[in-house]
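Chemist: Take this structure, written in structure tokens, and hold onto it; I'll ask about it next.
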Amino acid sequence: DYFPEFDGPKKEAITAREFILKMFVELNPDPDKIIYSHFTCATDTENIRFVFAAVKDTILQLNLKEYNLV
């Protein structure tokens, strides 16, 4: 019961994670900045590798665009 405003069914993980994601998206003050979401389990090492690679690639792409290199 950490989120009293959540009125979805209890013990429904997908509904709960979508609710939490919506809360993060609504906090974004700049609609031009995209929020990338990816649900994973931190103990899934292969998935964590994928997430970190995606984050590194996103940072690299943003920097290349900022300096007009792509």
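All residue names refer to the structure tokens as shown: chains lettered A, B, ... in order, residues numbered from 1 in each chain, ligands numbered from 1 in order.
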If you run DSSP on the backbone, which residues of chain A are helix (DSSP H, G or I), as a PyMOL selection string?
Modeler: chain A and resi 13-26+45-66
Chemist: How about saving the chosen residues, N, CA and C atoms kept, as an mmCIF file, in the first residue's frame?
Modeler:
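Written file, result17.cif:
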```
data_model
loop_
_atom_site.group_PDB
_atom_site.id
_atom_site.type_symbol
_atom_site.label_atom_id
_atom_site.label_comp_id
_atom_site.auth_asym_id
_atom_site.auth_seq_id
_atom_site.Cartn_x
_atom_site.Cartn_y
_atom_site.Cartn_z
ATOM 1 N N ALA A 13 0.863 -7.439 -11.081
ATOM 2 C CA ALA A 13 2.143 -6.783 -11.341
ATOM 3 C C ALA A 13 2.116 -5.880 -12.571
ATOM 4 N N ILE A 14 1.505 -6.322 -13.639
ATOM 5 C CA ILE A 14 1.519 -5.531 -14.875
ATOM 6 C C ILE A 14 0.770 -4.222 -14.687
ATOM 7 N N THR A 15 -0.386 -4.274 -14.054
ATOM 8 C CA THR A 15 -1.151 -3.052 -13.798
ATOM 9 C C THR A 15 -0.366 -2.113 -12.892
ATOM 10 N N ALA A 16 0.280 -2.666 -11.873
ATOM 11 C CA ALA A 16 1.052 -1.848 -10.936
ATOM 12 C C ALA A 16 2.250 -1.193 -11.621
ATOM 13 N N ARG A 17 2.970 -1.934 -12.436
ATOM 14 C CA ARG A 17 4.143 -1.340 -13.090
ATOM 15 C C ARG A 17 3.739 -0.264 -14.088
ATOM 16 N N GLU A 18 2.614 -0.439 -14.767
ATOM 17 C CA GLU A 18 2.134 0.594 -15.692
ATOM 18 C C GLU A 18 1.724 1.851 -14.926
ATOM 19 N N PHE A 19 1.156 1.675 -13.753
ATOM 20 C CA PHE A 19 0.787 2.808 -12.903
ATOM 21 C C PHE A 19 2.036 3.586 -12.489
ATOM 22 N N ILE A 20 3.070 2.873 -12.061
ATOM 23 C CA ILE A 20 4.313 3.522 -11.635
ATOM 24 C C ILE A 20 4.985 4.210 -12.821
ATOM 25 N N LEU A 21 5.003 3.564 -13.981
ATOM 26 C CA LEU A 21 5.572 4.188 -15.179
ATOM 27 C C LEU A 21 4.836 5.479 -15.508
ATOM 28 N N LYS A 22 3.523 5.461 -15.438
ATOM 29 C CA LYS A 22 2.723 6.657 -15.727
ATOM 30 C C LYS A 22 3.101 7.792 -14.776
ATOM 31 N N MET A 23 3.348 7.459 -13.508
ATOM 32 C CA MET A 23 3.755 8.486 -12.543
ATOM 33 C C MET A 23 5.082 9.125 -12.968
ATOM 34 N N PHE A 24 6.053 8.326 -13.408
ATOM 35 C CA PHE A 24 7.339 8.864 -13.857
ATOM 36 C C PHE A 24 7.170 9.732 -15.093
ATOM 37 N N VAL A 25 6.386 9.271 -16.050
ATOM 38 C CA VAL A 25 6.184 10.025 -17.289
ATOM 39 C C VAL A 25 5.540 11.374 -16.992
ATOM 40 N N GLU A 26 4.588 11.390 -16.076
ATOM 41 C CA GLU A 26 3.913 12.642 -15.729
ATOM 42 C C GLU A 26 4.841 13.638 -15.041
ATOM 43 N N THR A 45 21.066 -11.113 -15.313
ATOM 44 C CA THR A 45 22.290 -10.443 -15.760
ATOM 45 C C THR A 45 22.306 -10.171 -17.259
ATOM 46 N N GLU A 46 21.757 -11.052 -18.057
ATOM 47 C CA GLU A 46 21.728 -10.805 -19.504
ATOM 48 C C GLU A 46 20.851 -9.604 -19.827
ATOM 49 N N ASN A 47 19.730 -9.497 -19.163
ATOM 50 C CA ASN A 47 18.832 -8.372 -19.406
ATOM 51 C C ASN A 47 19.463 -7.073 -18.919
ATOM 52 N N ILE A 48 20.160 -7.115 -17.804
ATOM 53 C CA ILE A 48 20.835 -5.924 -17.290
ATOM 54 C C ILE A 48 21.923 -5.486 -18.269
ATOM 55 N N ARG A 49 22.640 -6.421 -18.860
ATOM 56 C CA ARG A 49 23.638 -6.066 -19.880
ATOM 57 C C ARG A 49 22.972 -5.338 -21.044
ATOM 58 N N PHE A 50 21.822 -5.848 -21.467
ATOM 59 C CA PHE A 50 21.078 -5.201 -22.552
ATOM 60 C C PHE A 50 20.682 -3.781 -22.164
ATOM 61 N N VAL A 51 20.174 -3.605 -20.951
ATOM 62 C CA VAL A 51 19.737 -2.285 -20.486
ATOM 63 C C VAL A 51 20.916 -1.318 -20.463
ATOM 64 N N PHE A 52 22.042 -1.731 -19.914
ATOM 65 C CA PHE A 52 23.204 -0.842 -19.855
ATOM 66 C C PHE A 52 23.719 -0.509 -21.257
ATOM 67 N N ALA A 53 23.704 -1.470 -22.161
ATOM 68 C CA ALA A 53 24.131 -1.192 -23.536
ATOM 69 C C ALA A 53 23.189 -0.189 -24.193
ATOM 70 N N ALA A 54 21.898 -0.327 -23.952
ATOM 71 C CA ALA A 54 20.927 0.612 -24.523
ATOM 72 C C ALA A 54 21.122 2.013 -23.956
ATOM 73 N N VAL A 55 21.397 2.108 -22.669
ATOM 74 C CA VAL A 55 21.628 3.413 -22.039
ATOM 75 C C VAL A 55 22.888 4.055 -22.616
ATOM 76 N N LYS A 56 23.961 3.284 -22.721
ATOM 77 C CA LYS A 56 25.202 3.824 -23.290
ATOM 78 C C LYS A 56 24.983 4.301 -24.718
ATOM 79 N N ASP A 57 24.253 3.523 -25.510
ATOM 80 C CA ASP A 57 23.987 3.915 -26.888
ATOM 81 C C ASP A 57 23.159 5.193 -26.951
ATOM 82 N N THR A 58 22.170 5.309 -26.094
ATOM 83 C CA THR A 58 21.336 6.517 -26.066
ATOM 84 C C THR A 58 22.175 7.743 -25.733
ATOM 85 N N ILE A 59 23.033 7.627 -24.734
ATOM 86 C CA ILE A 59 23.898 8.749 -24.350
ATOM 87 C C ILE A 59 24.832 9.114 -25.504
ATOM 88 N N LEU A 60 25.406 8.119 -26.148
ATOM 89 C CA LEU A 60 26.295 8.372 -27.281
ATOM 90 C C LEU A 60 25.548 9.079 -28.410
ATOM 91 N N GLN A 61 24.368 8.596 -28.761
ATOM 92 C CA GLN A 61 23.589 9.204 -29.845
ATOM 93 C C GLN A 61 23.220 10.652 -29.526
ATOM 94 N N LEU A 62 22.829 10.907 -28.287
ATOM 95 C CA LEU A 62 22.483 12.278 -27.897
ATOM 96 C C LEU A 62 23.683 13.211 -28.023
ATOM 97 N N ASN A 63 24.846 12.734 -27.603
ATOM 98 C CA ASN A 63 26.053 13.558 -27.704
ATOM 99 C C ASN A 63 26.467 13.778 -29.151
ATOM 100 N N LEU A 64 26.358 12.771 -29.980
ATOM 101 C CA LEU A 64 26.688 12.933 -31.397
ATOM 102 C C LEU A 64 25.764 13.945 -32.060
ATOM 103 N N LYS A 65 24.489 13.897 -31.728
ATOM 104 C CA LYS A 65 23.537 14.866 -32.289
ATOM 105 C C LYS A 65 23.831 16.276 -31.789
ATOM 106 N N GLU A 66 24.174 16.388 -30.509
ATOM 107 C CA GLU A 66 24.440 17.704 -29.925
ATOM 108 C C GLU A 66 25.584 18.413 -30.645
#
```
Chemist: Take CA of Lys33 (chain A) and CA of Tyr67 (chain A) and report the distance between them in Å, one decimal.
Modeler: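 Value for the CA of Lys33 (chain A)-CA of Tyr67 (chain A) distance: 17.4 Å.
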